[in-house]
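Okay, final29.txt is below, compact mmCIF, C-alpha atoms:
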# COMPACT_ATOMS: atom_id res chain seq x y z
CA MET C 1 -9.23 -28.55 -21.55
CA ARG C 2 -7.25 -30.65 -19.08
CA ARG C 3 -9.11 -32.29 -16.19
CA VAL C 4 -7.44 -33.08 -12.90
CA PRO C 5 -8.13 -36.68 -11.81
CA PRO C 6 -10.73 -37.12 -9.03
CA SER C 7 -9.41 -37.14 -5.50
CA THR C 8 -8.32 -40.40 -3.97
CA ALA C 9 -10.06 -42.23 -1.16
CA GLY C 10 -7.21 -41.21 1.14
CA PHE C 11 -7.78 -37.58 0.30
CA LEU C 12 -11.49 -37.93 1.06
CA ALA C 13 -10.60 -39.52 4.39
CA ASN C 14 -8.41 -36.51 5.16
CA PHE C 15 -11.40 -34.25 4.68
CA LEU C 16 -13.58 -36.22 7.03
CA LEU C 17 -10.88 -35.85 9.65
CA LEU C 18 -10.60 -32.13 8.96
CA ALA C 19 -14.33 -31.66 9.46
CA ALA C 20 -13.98 -33.10 12.94
CA ALA C 21 -10.91 -30.97 13.67
CA ALA C 22 -12.84 -27.80 12.82
CA LEU C 23 -14.97 -28.38 15.93
CA LEU C 24 -12.01 -27.98 18.30
CA PRO C 25 -12.33 -24.93 20.62
CA VAL C 26 -9.97 -22.00 20.17
CA HIS C 27 -9.23 -18.78 22.04
CA ALA C 28 -8.23 -16.40 19.23
CA VAL C 29 -5.63 -13.69 19.73
CA ALA C 30 -6.95 -10.38 18.43
CA SER C 31 -3.93 -8.08 18.28
CA ALA C 32 -2.49 -9.43 15.02
CA ALA C 33 -4.02 -11.03 11.93
CA LEU C 34 -1.78 -14.11 11.82
CA PRO C 35 -2.80 -15.79 15.11
CA GLY C 36 -6.47 -15.22 14.37
CA ARG C 37 -6.05 -16.72 10.89
CA LEU C 38 -4.27 -19.76 12.27
CA ALA C 39 -7.02 -20.23 14.83
CA ARG C 40 -9.78 -20.04 12.20
CA ALA C 41 -8.15 -22.45 9.77
CA ASP C 42 -9.54 -25.95 9.27
CA LEU C 43 -6.00 -27.15 8.60
CA VAL C 44 -2.55 -25.61 9.13
CA ILE C 45 0.37 -27.49 7.62
CA GLU C 46 4.07 -27.15 6.99
CA GLY C 47 5.23 -28.46 3.63
CA SER C 48 6.56 -27.87 0.14
CA VAL C 49 4.87 -27.48 -3.23
CA VAL C 50 5.78 -30.46 -5.42
CA GLY C 51 3.43 -29.90 -8.35
CA VAL C 52 1.25 -27.22 -9.94
CA GLU C 53 -1.46 -27.80 -12.56
CA THR C 54 -4.02 -25.55 -14.20
CA ALA C 55 -7.55 -26.12 -15.47
CA ALA C 56 -10.39 -24.08 -16.97
CA ASP C 57 -8.05 -22.19 -19.29
CA GLY C 58 -5.87 -21.10 -16.39
CA ARG C 59 -8.68 -19.89 -14.12
CA LEU C 60 -8.03 -22.74 -11.71
CA LEU C 61 -4.65 -23.57 -10.23
CA ILE C 62 -4.16 -26.80 -8.30
CA ALA C 63 -1.10 -27.10 -6.08
CA GLN C 64 0.10 -30.49 -4.89
CA VAL C 65 1.62 -29.92 -1.44
CA ARG C 66 3.76 -32.50 0.35
CA VAL C 67 3.00 -32.17 4.05
CA THR C 68 5.89 -32.27 6.52
CA GLN C 69 3.70 -31.83 9.58
CA VAL C 70 0.17 -30.87 10.55
CA LEU C 71 0.09 -27.94 12.97
CA ARG C 72 -3.67 -27.66 13.38
CA GLY C 73 -6.25 -30.29 12.44
CA ILE C 74 -6.35 -34.07 12.73
CA GLN C 75 -3.36 -35.94 11.30
CA LEU C 76 -3.81 -36.80 7.62
CA THR C 77 -3.94 -40.29 6.14
CA THR C 78 -1.72 -39.23 3.21
CA ASN C 79 1.26 -36.91 3.10
CA GLU C 80 0.05 -34.94 0.09
CA ILE C 81 -2.89 -32.56 -0.28
CA ARG C 82 -4.30 -30.56 -3.16
CA VAL C 83 -4.98 -26.83 -2.73
CA VAL C 84 -7.20 -25.08 -5.27
CA GLU C 85 -6.85 -21.41 -6.21
CA GLU C 86 -9.56 -19.75 -8.30
CA ARG C 87 -8.13 -16.98 -10.47
CA PRO C 88 -10.45 -14.41 -12.09
CA LEU C 89 -7.77 -13.69 -14.71
CA PRO C 90 -5.24 -16.31 -15.87
CA SER C 91 -2.66 -13.54 -16.27
CA LEU C 92 -2.63 -12.83 -12.52
CA PRO C 93 0.43 -14.09 -10.61
CA ALA C 94 -0.05 -17.60 -9.26
CA ALA C 95 -0.09 -18.13 -5.51
CA PHE C 96 2.07 -21.27 -5.81
CA ALA C 97 5.16 -22.43 -7.66
CA VAL C 98 6.93 -25.77 -7.56
CA GLY C 99 9.59 -25.73 -4.86
CA ASP C 100 7.86 -23.20 -2.59
CA GLN C 101 8.59 -23.82 1.10
CA VAL C 102 5.43 -22.89 2.95
CA VAL C 103 3.23 -22.94 5.99
CA LEU C 104 -0.41 -22.88 4.87
CA ALA C 105 -3.62 -21.90 6.63
CA LEU C 106 -6.38 -23.75 4.78
CA ARG C 107 -10.13 -24.19 4.82
CA HIS C 108 -12.67 -26.42 3.10
CA LYS C 109 -13.68 -25.07 -0.28
CA SER C 110 -17.37 -25.28 -1.10
CA ARG C 111 -18.21 -27.46 -4.07
CA ASN C 112 -19.95 -25.94 -7.08
CA SER C 113 -20.70 -26.96 -10.66
CA PHE C 114 -17.70 -25.04 -12.04
CA LEU C 115 -15.26 -26.94 -9.82
CA ASP C 116 -16.95 -30.29 -10.37
CA LYS C 117 -16.91 -29.79 -14.13
CA ASN C 118 -13.23 -28.92 -14.29
CA LEU C 119 -11.72 -30.88 -11.40
CA GLY C 120 -13.99 -33.84 -10.97
CA GLY C 121 -15.59 -34.68 -7.64
CA GLY C 122 -14.32 -32.86 -4.57
CA PRO C 123 -13.56 -32.32 -1.80
CA TYR C 124 -11.26 -29.33 -2.11
CA LEU C 125 -9.02 -27.18 0.08
CA GLU C 126 -8.26 -23.50 -0.44
CA LEU C 127 -6.17 -20.84 1.23
CA LEU C 128 -7.81 -19.05 4.13
CA ASP C 129 -8.00 -15.31 3.32
CA GLY C 130 -6.48 -15.81 -0.12
CA SER C 131 -2.75 -15.24 -0.44
CA GLU C 132 -2.65 -14.10 3.20
CA GLY C 133 -2.97 -17.78 4.07
CA ILE C 134 0.56 -18.51 2.78
CA LEU C 135 3.67 -18.02 4.90
CA HIS C 136 6.70 -18.18 2.63
CA ALA C 137 10.14 -19.41 3.61
CA GLY C 138 13.36 -19.17 1.65
CA ASP C 139 14.51 -22.66 2.59
CA SER C 140 13.55 -25.66 4.70
CA GLY C 141 15.26 -24.21 7.80
CA GLU C 142 13.26 -21.00 7.69
CA ARG C 143 10.14 -23.06 6.93
CA ALA C 144 10.73 -25.10 10.09
CA ALA C 145 11.14 -21.88 12.10
CA LEU C 146 7.88 -20.53 10.65
CA ALA C 147 6.15 -23.80 11.50
CA THR C 148 7.38 -23.65 15.10
CA LEU C 149 6.14 -20.08 15.35
CA ALA C 150 2.74 -21.04 13.91
CA ALA C 151 2.46 -23.98 16.30
CA ASP C 152 3.26 -21.73 19.25
CA TRP C 153 0.63 -19.18 18.13
CA ILE C 154 -1.95 -21.96 17.87
CA ALA C 155 -1.04 -23.27 21.32
CA HIS C 156 -1.24 -19.75 22.73
CA ALA C 157 -4.70 -19.24 21.20
CA ASN C 158 -5.92 -22.52 22.75
CA ALA C 159 -4.39 -21.92 26.18
CA THR C 160 -6.92 -21.69 28.99
CA ASP C 161 -4.61 -21.44 32.01
CA LEU C 162 -3.20 -17.92 31.43
CA ASP C 163 -4.39 -14.81 33.22
CA GLN C 164 -4.55 -11.57 31.27
CA ALA C 165 -1.07 -10.37 32.25
CA ALA C 166 0.54 -13.71 31.41
CA ARG C 167 -1.34 -13.88 28.10
CA LEU C 168 -0.17 -10.42 27.07
CA GLU C 169 3.41 -11.20 28.03
CA ALA C 170 3.37 -14.44 26.03
CA GLU C 171 1.72 -12.71 23.09
CA ARG C 172 4.37 -10.00 23.07
CA ALA C 173 7.14 -12.60 22.97
CA LEU C 174 5.44 -14.29 20.02
CA LEU C 175 5.08 -10.97 18.22
CA LEU C 176 8.79 -10.28 18.63
CA ARG C 177 9.57 -13.72 17.22
CA SER C 178 7.16 -13.06 14.33
CA LEU C 179 8.92 -9.80 13.53
CA ALA C 180 12.20 -11.71 13.20
CA ARG C 181 10.90 -13.98 10.43
CA GLU C 182 11.90 -13.55 6.79
CA ASP C 183 8.31 -13.37 5.47
CA VAL C 184 7.67 -9.61 5.31
CA GLY C 185 3.91 -10.14 5.66
CA VAL C 186 4.41 -11.96 8.97
CA ALA C 187 6.86 -9.29 10.14
CA ALA C 188 4.58 -6.39 9.13
CA ASP C 189 1.59 -7.98 10.86
CA ALA C 190 3.64 -8.26 14.06
CA ALA C 191 4.98 -4.72 13.65
CA GLN C 192 1.50 -3.25 13.49
CA ALA C 193 0.45 -5.12 16.63
CA LEU C 194 3.63 -4.13 18.49
CA THR C 195 3.12 -0.48 17.55
CA GLN C 196 -0.31 -0.63 19.20
CA LEU C 197 0.90 -2.53 22.28
CA ALA C 198 4.32 -1.07 23.12
CA PRO C 199 7.58 -0.41 21.27
CA ILE C 200 10.57 -2.74 21.35
CA ASP C 201 12.86 -1.84 24.25
CA ALA C 202 15.84 -3.12 26.21
CA ALA C 203 13.60 -5.10 28.56
CA ASP C 204 12.73 -7.44 25.69
CA GLY C 205 16.19 -8.99 25.92
CA ALA C 206 17.45 -11.32 23.21
CA HIS C 207 14.08 -11.49 21.45
CA GLY C 208 14.01 -7.69 21.34
CA GLN C 209 17.54 -7.46 19.93
CA ALA C 210 16.69 -10.03 17.25
CA ALA C 211 13.50 -8.12 16.44
CA GLN C 212 15.39 -4.80 16.13
CA THR C 213 17.92 -6.42 13.80
CA ALA C 214 15.17 -8.01 11.74
CA LEU C 215 13.25 -4.72 11.55
CA ALA C 216 16.34 -2.97 10.20
CA GLY C 217 16.81 -5.79 7.71
CA HIS C 218 13.23 -5.60 6.43
CA LEU C 219 13.50 -1.82 6.00
CA ALA C 220 16.81 -2.14 4.16
CA ALA C 221 15.42 -4.85 1.85
CA ALA C 222 12.38 -2.68 0.97
CA GLN C 223 10.36 -5.77 0.05
CA GLY C 224 6.62 -6.18 0.46
CA SER C 225 3.68 -3.91 -0.22
CA ASP C 226 3.49 -0.23 0.72
CA THR C 227 1.02 -1.17 3.46
CA GLU C 228 3.43 -3.72 4.94
CA LEU C 229 6.34 -1.28 4.83
CA ARG C 230 4.22 1.42 6.46
CA ALA C 231 3.61 -0.96 9.37
CA LEU C 232 7.36 -1.53 9.70
CA ILE C 233 8.07 2.22 9.46
CA GLY C 234 5.47 2.85 12.17
CA LEU C 235 7.18 0.45 14.54
CA ALA C 236 10.56 2.01 13.78
CA GLY C 237 9.11 5.38 14.75
CA VAL C 238 8.06 4.28 18.23
CA SER C 239 10.93 1.89 18.95
CA GLN C 240 13.84 4.33 18.50
CA GLY C 241 16.36 1.61 17.67
CA PRO C 242 19.89 2.96 17.08
CA GLY C 243 20.32 0.85 13.94
CA LEU C 244 17.14 2.05 12.22
CA PRO C 245 17.84 5.57 10.80
CA GLY C 246 20.25 4.25 8.15
CA PRO C 247 17.82 1.70 6.63
CA LEU C 248 15.04 4.29 6.84
CA GLU C 249 17.09 6.81 4.85
CA THR C 250 17.81 4.29 2.08
CA LEU C 251 14.11 3.43 1.94
CA THR C 252 13.32 6.89 0.51
CA THR C 253 15.09 6.02 -2.74
CA ARG C 254 14.05 2.34 -2.79
CA ARG C 255 10.38 3.19 -2.18
CA PRO C 256 9.97 6.92 -2.87
CA ARG C 257 6.19 6.81 -2.42
CA LEU C 258 6.88 6.34 1.29
CA ALA C 259 9.29 9.26 1.62
CA THR C 260 6.93 11.45 3.65
CA GLU C 261 6.31 8.68 6.22
CA VAL C 262 10.03 7.95 6.40
CA TRP C 263 10.95 11.60 6.94
CA ASP C 264 8.31 11.93 9.67
CA THR C 265 9.82 8.89 11.38
CA LEU C 266 13.36 10.22 11.04
CA ALA C 267 12.17 13.43 12.69
CA ALA C 268 11.40 11.37 15.81
CA TYR C 269 15.11 10.40 15.81
CA GLY C 270 16.17 14.02 15.34
CA ALA C 271 17.40 13.01 11.88
CA ALA C 272 14.84 14.63 9.57
CA PRO C 273 16.41 15.87 6.32
CA GLY C 274 17.27 19.57 6.27
CA ASP C 275 16.66 22.02 3.46
CA ARG C 276 19.87 21.14 1.67
CA ALA C 277 19.06 17.43 1.63
CA LEU C 278 15.50 18.13 0.50
CA ARG C 279 16.73 20.35 -2.32
CA ARG C 280 18.92 17.44 -3.44
CA ALA C 281 15.88 15.18 -3.28
CA LEU C 282 14.06 17.69 -5.47
CA ARG C 283 16.56 16.75 -8.20
CA ALA C 284 16.35 12.98 -7.62
CA SER C 285 15.60 10.58 -10.46
CA GLU C 286 12.40 9.29 -8.79
CA PRO C 287 9.37 11.52 -9.51
CA GLU C 288 7.59 10.49 -6.30
CA LEU C 289 10.62 11.54 -4.25
CA ARG C 290 10.80 14.93 -5.99
CA GLN C 291 7.12 15.51 -5.30
CA ALA C 292 7.49 14.57 -1.63
CA ALA C 293 10.52 16.84 -1.29
CA ALA C 294 8.56 19.77 -2.74
CA GLY C 295 5.85 19.38 -0.11
CA ARG C 296 8.42 19.16 2.66
CA LEU C 297 10.32 22.22 1.46
CA LEU C 298 7.17 24.32 1.29
CA ALA C 299 6.27 23.21 4.82
CA SER C 300 9.72 24.28 6.04
CA GLY C 301 8.97 27.87 5.00
CA THR C 302 12.54 28.82 4.11
CA GLU C 303 13.17 31.25 1.27
CA ALA C 304 15.67 28.89 -0.37
CA GLY C 305 13.19 26.04 -0.16
CA ARG C 306 10.35 28.07 -1.68
CA GLY C 307 12.61 29.22 -4.49
CA ALA C 308 13.71 25.65 -5.28
CA VAL C 309 10.10 24.48 -5.42
CA ALA C 310 9.11 27.37 -7.69
CA ARG C 311 11.90 26.43 -10.09
CA ALA C 312 10.79 22.81 -10.03
CA ALA C 313 7.24 23.87 -10.93
CA ARG C 314 8.66 25.38 -14.12
CA ASP C 315 11.53 23.03 -14.93
CA ASP C 316 10.79 19.51 -13.63
CA ALA C 317 10.82 17.02 -16.49
CA SER C 318 7.65 15.25 -15.29
CA PRO C 319 4.26 16.85 -16.05
CA GLU C 320 2.82 14.86 -13.13
CA VAL C 321 5.33 16.38 -10.74
CA ARG C 322 4.77 19.89 -12.08
CA SER C 323 1.02 19.41 -11.70
CA ALA C 324 1.43 18.24 -8.11
CA ILE C 325 3.72 21.16 -7.27
CA VAL C 326 1.37 23.83 -8.68
CA ALA C 327 -1.40 22.30 -6.53
CA LEU C 328 0.86 22.62 -3.47
CA LEU C 329 1.81 26.20 -4.32
CA ALA C 330 -1.83 27.18 -4.87
CA ARG C 331 -2.70 26.04 -1.34
CA GLY C 332 -0.15 28.46 0.13
CA ASP C 333 -0.09 32.23 0.48
CA ASP C 334 3.38 33.03 -0.87
CA PRO C 335 2.86 35.67 -3.60
CA ALA C 336 5.83 34.38 -5.61
CA GLY C 337 4.45 30.85 -5.48
CA LEU C 338 1.00 32.00 -6.63
CA GLU C 339 2.60 33.83 -9.54
CA VAL C 340 4.22 30.56 -10.56
CA VAL C 341 0.81 28.84 -10.54
CA GLU C 342 -0.61 31.55 -12.80
CA ASN C 343 2.45 31.30 -15.03
CA ARG C 344 1.98 27.53 -15.43
CA PHE C 345 -1.69 28.08 -16.29
CA LEU C 346 -0.63 30.61 -18.87
CA LYS C 347 2.24 28.90 -20.61
CA ASP C 348 3.23 25.41 -19.47
CA SER C 349 4.10 23.24 -22.45
CA GLU C 350 1.83 20.41 -21.26
CA PRO C 351 -1.97 20.82 -21.43
CA ALA C 352 -2.35 18.60 -18.36
CA VAL C 353 -0.23 20.99 -16.27
CA ARG C 354 -2.12 24.02 -17.54
CA GLU C 355 -5.36 22.28 -16.60
CA ALA C 356 -4.00 21.38 -13.16
CA ALA C 357 -2.94 24.98 -12.55
CA GLY C 358 -6.36 26.29 -13.54
CA ARG C 359 -8.03 23.75 -11.28
CA ALA C 360 -5.75 24.70 -8.39
CA LEU C 361 -6.62 28.39 -8.78
CA PHE C 362 -10.32 27.55 -8.96
CA GLU C 363 -10.04 25.57 -5.73
CA ARG C 364 -8.52 28.65 -4.06
CA GLY C 365 -11.58 30.61 -5.19
CA ASP C 366 -10.29 33.93 -3.84
CA ASP C 367 -9.49 37.37 -5.26
CA PHE C 368 -6.08 36.27 -6.50
CA ALA C 369 -7.67 33.42 -8.45
CA ALA C 370 -10.25 35.74 -10.02
CA GLN C 371 -7.58 38.27 -10.96
CA ALA C 372 -5.42 35.52 -12.43
CA PHE C 373 -8.32 34.22 -14.53
CA GLU C 374 -8.95 37.70 -15.90
CA ARG C 375 -5.29 38.19 -16.78
CA VAL C 376 -5.02 34.78 -18.44
CA ALA C 377 -8.23 35.49 -20.38
CA PHE C 378 -6.41 38.30 -22.18
CA THR C 379 -2.88 36.89 -22.50
CA ALA C 380 -2.95 33.11 -22.99
CA GLU C 381 -3.58 30.98 -26.06
CA GLN C 382 -7.27 30.74 -26.99
CA ALA C 383 -7.88 27.37 -25.30
CA GLU C 384 -6.61 28.70 -21.95
CA GLN C 385 -8.46 32.00 -22.47
CA MET C 386 -11.69 30.06 -22.81
CA ARG C 387 -10.84 27.88 -19.82
CA ALA C 388 -10.02 30.96 -17.70
CA VAL C 389 -13.34 32.61 -18.53
CA ALA C 390 -15.28 29.43 -17.81
CA LEU C 391 -13.53 29.03 -14.45
CA LEU C 392 -14.06 32.71 -13.57
CA ARG C 393 -17.80 32.37 -14.23
CA ALA C 394 -17.85 29.05 -12.30
CA LEU C 395 -16.52 30.78 -9.19
CA GLY C 396 -20.03 32.18 -8.88
CA ARG C 397 -19.01 35.30 -6.98
CA ALA C 398 -21.11 38.44 -7.48
CA LYS C 399 -18.02 40.60 -6.95
CA ASP C 400 -16.48 39.17 -10.15
CA ALA C 401 -19.27 40.54 -12.35
CA PRO C 402 -17.21 43.61 -13.40
CA ARG C 403 -14.35 41.36 -14.52
CA ILE C 404 -16.68 39.17 -16.56
CA ASP C 405 -18.35 42.26 -18.06
CA ARG C 406 -14.96 43.68 -19.01
CA ILE C 407 -13.97 40.47 -20.82
CA GLY C 408 -17.36 40.34 -22.56
CA ARG C 409 -16.99 43.92 -23.71
CA ASP C 410 -13.29 44.39 -24.46
CA HIS C 411 -11.86 41.01 -25.49
CA PRO C 412 -10.67 40.94 -29.13
CA ASP C 413 -11.89 37.35 -29.71
CA ALA C 414 -15.63 37.05 -30.39
CA ARG C 415 -15.76 33.48 -29.01
CA VAL C 416 -14.26 34.58 -25.72
CA ARG C 417 -16.59 37.59 -25.55
CA ASN C 418 -19.57 35.34 -26.19
CA LEU C 419 -18.48 32.91 -23.46
CA ALA C 420 -18.11 35.77 -20.97
CA GLN C 421 -21.52 37.18 -21.85
CA HIS C 422 -23.56 33.99 -22.12
CA GLY C 423 -21.58 31.12 -20.61
CA LEU C 424 -21.36 27.67 -22.13
CA GLU C 425 -24.24 26.83 -24.44
CA VAL C 426 -26.26 23.76 -23.51
CA HIS C 427 -28.25 22.09 -26.26
CA ASP C 428 -31.22 19.85 -25.56
CA HIS C 429 -31.33 16.70 -27.67

Full structure transcribed into structure tokens:
Amino acid sequence: MRRVPPSTAGFLANFLLLAAAALLPVHAVASAALPGRLARADLVIEGSVVGVETAADGRLLIAQVRVTQVLRGIQLTTNEIRVVEERPLPSLPAAFAVGDQVVLALRHKSRNSFLDKNLGGGPYLELLDGSEGILHAGDSGERAALATLAADWIAHANATDLDQAARLEAERALLLRSLAREDVGVAADAAQALTQLAPIDAADGAHGQAAQTALAGHLAAAQGSDTELRALIGLAGVSQGPGLPGPLETLTTRRPRLATEVWDTLAAYGAAPGDRALRRALRASEPELRQAAAGRLLASGTEAGRGAVARAARDDASPEVRSAIVALLARGDDPAGLEVVENRFLKDSEPAVREAAGRALFERGDDFAAQAFERVAFTAEQAEQMRAVALLRALGRAKDAPRIDRIGRDHPDARVRNLAQHGLEVHDH
């Protein structure tokens, strides 16, 4: 097991300075996560990762960061710091790689026996709020722009001479600048705050135009988590930028799980997909997009849309999509759609789809479901006959007693008759 050498005297001096810096007063900005994180940090720096080491069989990662400038905290006595990341599983992606251009929000890391054993004597620094404490830049120029933005957020949080109106105006300008940054986490954080405050509009001037362009770029790139992209989609919905529908449309194929949110946003632009486009989406290569299109088509209520969805319930190549569609059909009242659900319970080639169809009918719990269970009990393969009888009994409706009695009396299979008459046997052990 490799041990990282104990920290130098200069590094210890840095920590003593940081402890004093933590006592500085701040006025945190609450509308977005980034300014609050910067205000809570013991140290905020701009720099680059020049070395990465591991210890404790990969459960500790130690990044050597060369500091370009300190944005919050007392100036350091050395230009390099070590940042420790504890990793529950060595296989998890590392937060740092050599060459990363970053702005970091850091805090003191508490010493414990595990760290002392593997790293030697502290002190240690760690990211504030885990990976959220890293702002990534593609190059040194973008890193400098991120650092300037972070410094301005810190100054804004510490300002004491602004009235409420001036503070909100300054905060809005900073949010627009944040949206224009390459780091999608920074942009999404700003987008969520702007959605709550007010959309981007012409009065925002050059910052607003840059933010609109950046928003379109982030949507087109389709990078980041689903949560981050949802924040960007939300801002696009309230901002009504003329350059946004195109990137939104491409997002449905790049990130099909978000198709429903995208289509809702496009509807605000008067550009929601029509039946023909949705029927094309129902044949797309992405299963999530086909599933979303099915839900949208059923909501549209057109005969062509319902027919396309019914065919997909039978013919879609994905059992997961077929299962999702039968659940959607079972929640509706279209007789043809309900017949498809019963048909999939009766004869789908995949047991998982048959089970999903039975579950969907059970959740309806109405006369159609009871009638379908009785029919399937006489016409399906034995496994589905047994399942249909069990589900019919589980409905617990007194009015279904004649159906259950009929199965128990007339069914040709003794096992099915016994299940109808006595239910599932429970043995005490």

Tell me, as a tab-separated table (two decimals) with C-alpha atoms, in the coordinates of the input, which residues lie within 8 Å of C:Leu149, counting all atoms listed in the file; anything in the same chain fewer than 2 positions away does not count.
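Result went into around.tsv, see below:
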chain	number	residue	atom	x	y	z
C	145	ALA	CA	11.14	-21.88	12.10
C	146	LEU	CA	7.88	-20.53	10.65
C	147	ALA	CA	6.15	-23.80	11.50
C	151	ALA	CA	2.46	-23.98	16.30
C	152	ASP	CA	3.26	-21.73	19.25
C	153	TRP	CA	0.63	-19.18	18.13
C	174	LEU	CA	5.44	-14.29	20.02
C	177	ARG	CA	9.57	-13.72	17.22
C	178	SER	CA	7.16	-13.06	14.33

Name the closest residue to C:Gly36 among the candidates C:Ala105, C:Asp183, C:Ala231, C:Val52; distances are taken between atoms, counting only C-alpha atoms.
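Of all the options, C:Ala105 lies closest to C:Gly36.
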
Between atom CA of C:Asn418 and atom CA of C:Gly396, measure the distance and give it in Å to one decimal.
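Pair atom CA of C:Asn418 / atom CA of C:Gly396 returns 17.6 Å.
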
Min atom-atom distance to C:Asp100 from the set C:Thr227, C:Thr265, C:Ser140, C:Gln75, counting only C-alpha atoms, belongs to C:Ser140

Pick from C:Arg82, C:Arg111, C:Arg409, C:His156 nearest to C:Glu169, counting all atoms listed in the file
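Closest residue, counting all atoms listed in the file: C:His156.
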
Give me the residues near C:Pro35 as an mmCIF file with C-alpha atoms, keeping the file's coordinate frame, where near means some atom within 12 Å (using all atoms listed in the file) and where sequence neighbours in that chain fewer than 3 positions away do not count.
data_model
loop_
_atom_site.group_PDB
_atom_site.id
_atom_site.type_symbol
_atom_site.label_atom_id
_atom_site.label_comp_id
_atom_site.auth_asym_id
_atom_site.auth_seq_id
_atom_site.Cartn_x
_atom_site.Cartn_y
_atom_site.Cartn_z
ATOM 1 C CA VAL C 26 -9.970 -22.000 20.170
ATOM 2 C CA HIS C 27 -9.230 -18.780 22.040
ATOM 3 C CA ALA C 28 -8.230 -16.400 19.230
ATOM 4 C CA VAL C 29 -5.630 -13.690 19.730
ATOM 5 C CA ALA C 30 -6.950 -10.380 18.430
ATOM 6 C CA SER C 31 -3.930 -8.080 18.280
ATOM 7 C CA ALA C 32 -2.490 -9.430 15.020
ATOM 8 C CA LEU C 38 -4.270 -19.760 12.270
ATOM 9 C CA ALA C 39 -7.020 -20.230 14.830
ATOM 10 C CA ARG C 40 -9.780 -20.040 12.200
ATOM 11 C CA ALA C 41 -8.150 -22.450 9.770
ATOM 12 C CA VAL C 44 -2.550 -25.610 9.130
ATOM 13 C CA ALA C 105 -3.620 -21.900 6.630
ATOM 14 C CA GLY C 133 -2.970 -17.780 4.070
ATOM 15 C CA LEU C 149 6.140 -20.080 15.350
ATOM 16 C CA ALA C 150 2.740 -21.040 13.910
ATOM 17 C CA ALA C 151 2.460 -23.980 16.300
ATOM 18 C CA ASP C 152 3.260 -21.730 19.250
ATOM 19 C CA TRP C 153 0.630 -19.180 18.130
ATOM 20 C CA ILE C 154 -1.950 -21.960 17.870
ATOM 21 C CA ALA C 155 -1.040 -23.270 21.320
ATOM 22 C CA HIS C 156 -1.240 -19.750 22.730
ATOM 23 C CA ALA C 157 -4.700 -19.240 21.200
ATOM 24 C CA ASN C 158 -5.920 -22.520 22.750
ATOM 25 C CA GLU C 171 1.720 -12.710 23.090
ATOM 26 C CA LEU C 174 5.440 -14.290 20.020
ATOM 27 C CA LEU C 175 5.080 -10.970 18.220
ATOM 28 C CA SER C 178 7.160 -13.060 14.330
ATOM 29 C CA VAL C 186 4.410 -11.960 8.970
ATOM 30 C CA ASP C 189 1.590 -7.980 10.860
ATOM 31 C CA ALA C 190 3.640 -8.260 14.060
ATOM 32 C CA ALA C 193 0.450 -5.120 16.630
#

Can you measure atom CA of C:Asp366 to atom CA of C:Ala398 for me? One decimal in Å is fine.
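Atom CA of C:Ala398 lies 12.3 Å from atom CA of C:Asp366.
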
Env of C:Ala267: 10 Å cut, atoms = all atoms listed in the file, seq-sep filter 5 positions within chain, self excluded. Answer as a ChimeraX atom specification.
/C:237,245,261-262,272-273

Tell me which protein, DNA and RNA residues are within 8 Å of stretch 285-292 of chain C, counting all atoms listed in the file, leaving out same-chain ones fewer than 4 positions away, and put them as a PDB file with C-alpha atoms, in the coordinates of the input.
ATOM      1  CA  THR C 252      13.320   6.890   0.510  1.00  0.00           C
ATOM      2  CA  THR C 253      15.090   6.020  -2.740  1.00  0.00           C
ATOM      3  CA  PRO C 256       9.970   6.920  -2.870  1.00  0.00           C
ATOM      4  CA  ARG C 257       6.190   6.810  -2.420  1.00  0.00           C
ATOM      5  CA  ALA C 259       9.290   9.260   1.620  1.00  0.00           C
ATOM      6  CA  THR C 260       6.930  11.450   3.650  1.00  0.00           C
ATOM      7  CA  ALA C 281      15.880  15.180  -3.280  1.00  0.00           C
ATOM      8  CA  ARG C 296       8.420  19.160   2.660  1.00  0.00           C
ATOM      9  CA  SER C 318       7.650  15.250 -15.290  1.00  0.00           C
ATOM     10  CA  VAL C 321       5.330  16.380 -10.740  1.00  0.00           C
ATOM     11  CA  ALA C 324       1.430  18.240  -8.110  1.00  0.00           C
ATOM     12  CA  ILE C 325       3.720  21.160  -7.270  1.00  0.00           C
TER      13      ILE C 325
END

My list of candidates is C:Val50, C:Leu258, C:Leu119, C:Leu61. Which is closest to C:Pro93 when distances are computed with only C-alpha atoms?
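For C:Pro93, the nearest of the candidates is C:Leu61.
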
Between C:Val341, C:Ala401, C:Leu346, C:Ala317, which residue has the minimum interatomic distance to C:Ala388, considering all atoms listed in the file?
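Checking each of C:Val341, C:Ala401, C:Leu346, C:Ala317 against C:Ala388, counting all atoms listed in the file, the winner is C:Leu346.
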
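Atom CA of C:Val103 sits 21.5 Å away from atom CA of C:Leu215.
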
Considering only C-alpha atoms, state which residue in the set C:Leu34, C:Ala216, C:Leu235, C:Ala56 is at the smallest distance from C:Asp201.
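Checking each candidate against C:Asp201, we get C:Leu235 as the closest.
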
Take every atom of stretch 342-345 of chain C listed in the file, fit an axis-aligned box around them, add 5 Å per side, and give the centre and edge lengths in Å to one decimal as JSON.
{"center_x": 0.4, "center_y": 29.5, "center_z": -14.5, "size_x": 14.1, "size_y": 14.0, "size_z": 13.5}

List as a compact mmCIF listing (two decimals) with C-alpha atoms, in the frame of the given file: which residues have an atom within 10 Å of (17.3, -11.8, 4.1), counting all atoms listed in the file?
# COMPACT_ATOMS: atom_id res chain seq x y z
CA GLY C 138 13.36 -19.17 1.65
CA ARG C 181 10.90 -13.98 10.43
CA GLU C 182 11.90 -13.55 6.79
CA ASP C 183 8.31 -13.37 5.47
CA VAL C 184 7.67 -9.61 5.31
CA ALA C 214 15.17 -8.01 11.74
CA GLY C 217 16.81 -5.79 7.71
CA HIS C 218 13.23 -5.60 6.43
CA ALA C 220 16.81 -2.14 4.16
CA ALA C 221 15.42 -4.85 1.85
